[in-house]
Amino acid sequence: MLTALPATRVAIAALIPHQGAMCLLDCVERLDADSILCASATHRDNGNPLRRDGLLPAIAGVEYAAQAMALHGALSDGEAQPIGFLSALRGLRLSVERLDDIAGPLAVTATVEARERRGMIYGFTVSGGGRALLEGQAVVVLPERAP
C-alpha cells in the first residue's frame with residue numbers, strides 16, 4: 001500500500017483510468033486495507049461531464065463510487081489501476097433524484113467485501129449534507145495483466 005495519499009485531482013488521475021474533467025474525486029480523506037473515503041465537490045461544477053440538461057442525476061454517484069474503488073485498488077496495489085469493468089450492481093438505493101443541489105462536498109466511501117486477482121466486490125455509499133444519498137454493491141472485473 002502506498003503511504004502518501006493523493007491530495008489533488010491531478011495525483012488521483014495519475015492512479016485511475018479517468019482523466020481531465022472525468023476525474024471526479026478531489027482528495028482521499030482516509031485509507032486502510034479494506035476501505036477508502038474520498039471527498040469531492042465536482043457535483044456542483046457546471047462543467048461536470050455527467051450532467052444532463054444542466055442537472056447531475058443521482059445515478060451519477062455510481063461513477064464517483066467506481067472511481068473510489070479504482071483508487072483504492074491502485075493505492076492498495078501500489079500502482080496505477082488498469083481500466084476495469086463494472087459488471088454488476090446490487091442493492092442500489094437512491095435517496096435523492098439529483099446530486100448537483102447537495103450543499104457541501106460529497107463523501108464517497110468504498111469498502112472491499114471480496115477481492116481476487118482479477119476482480120472485486122465493493123460496498124459503497126455516497127453521502128452529503130449529513131445523509132446517505134445512494135448506496136449499493138458493485139462487482140468490478142479487471143483485465144488480465146501481462147506477466
# chains A, B, ... in the order shown; residues from 1 in each chain; ligands from 1
call {"tool": "residues_around", "arguments": {"residues": "stretch 84-100 of chain A", "least_positions_apart": "3", "cutoff": "10 Å", "atoms": "only C-alpha atoms", "output": "PyMOL selection string"}}
result
chain A and resi 16-17+41-46+48+51+54-63+66+70+81+103+106+118-128+131-143
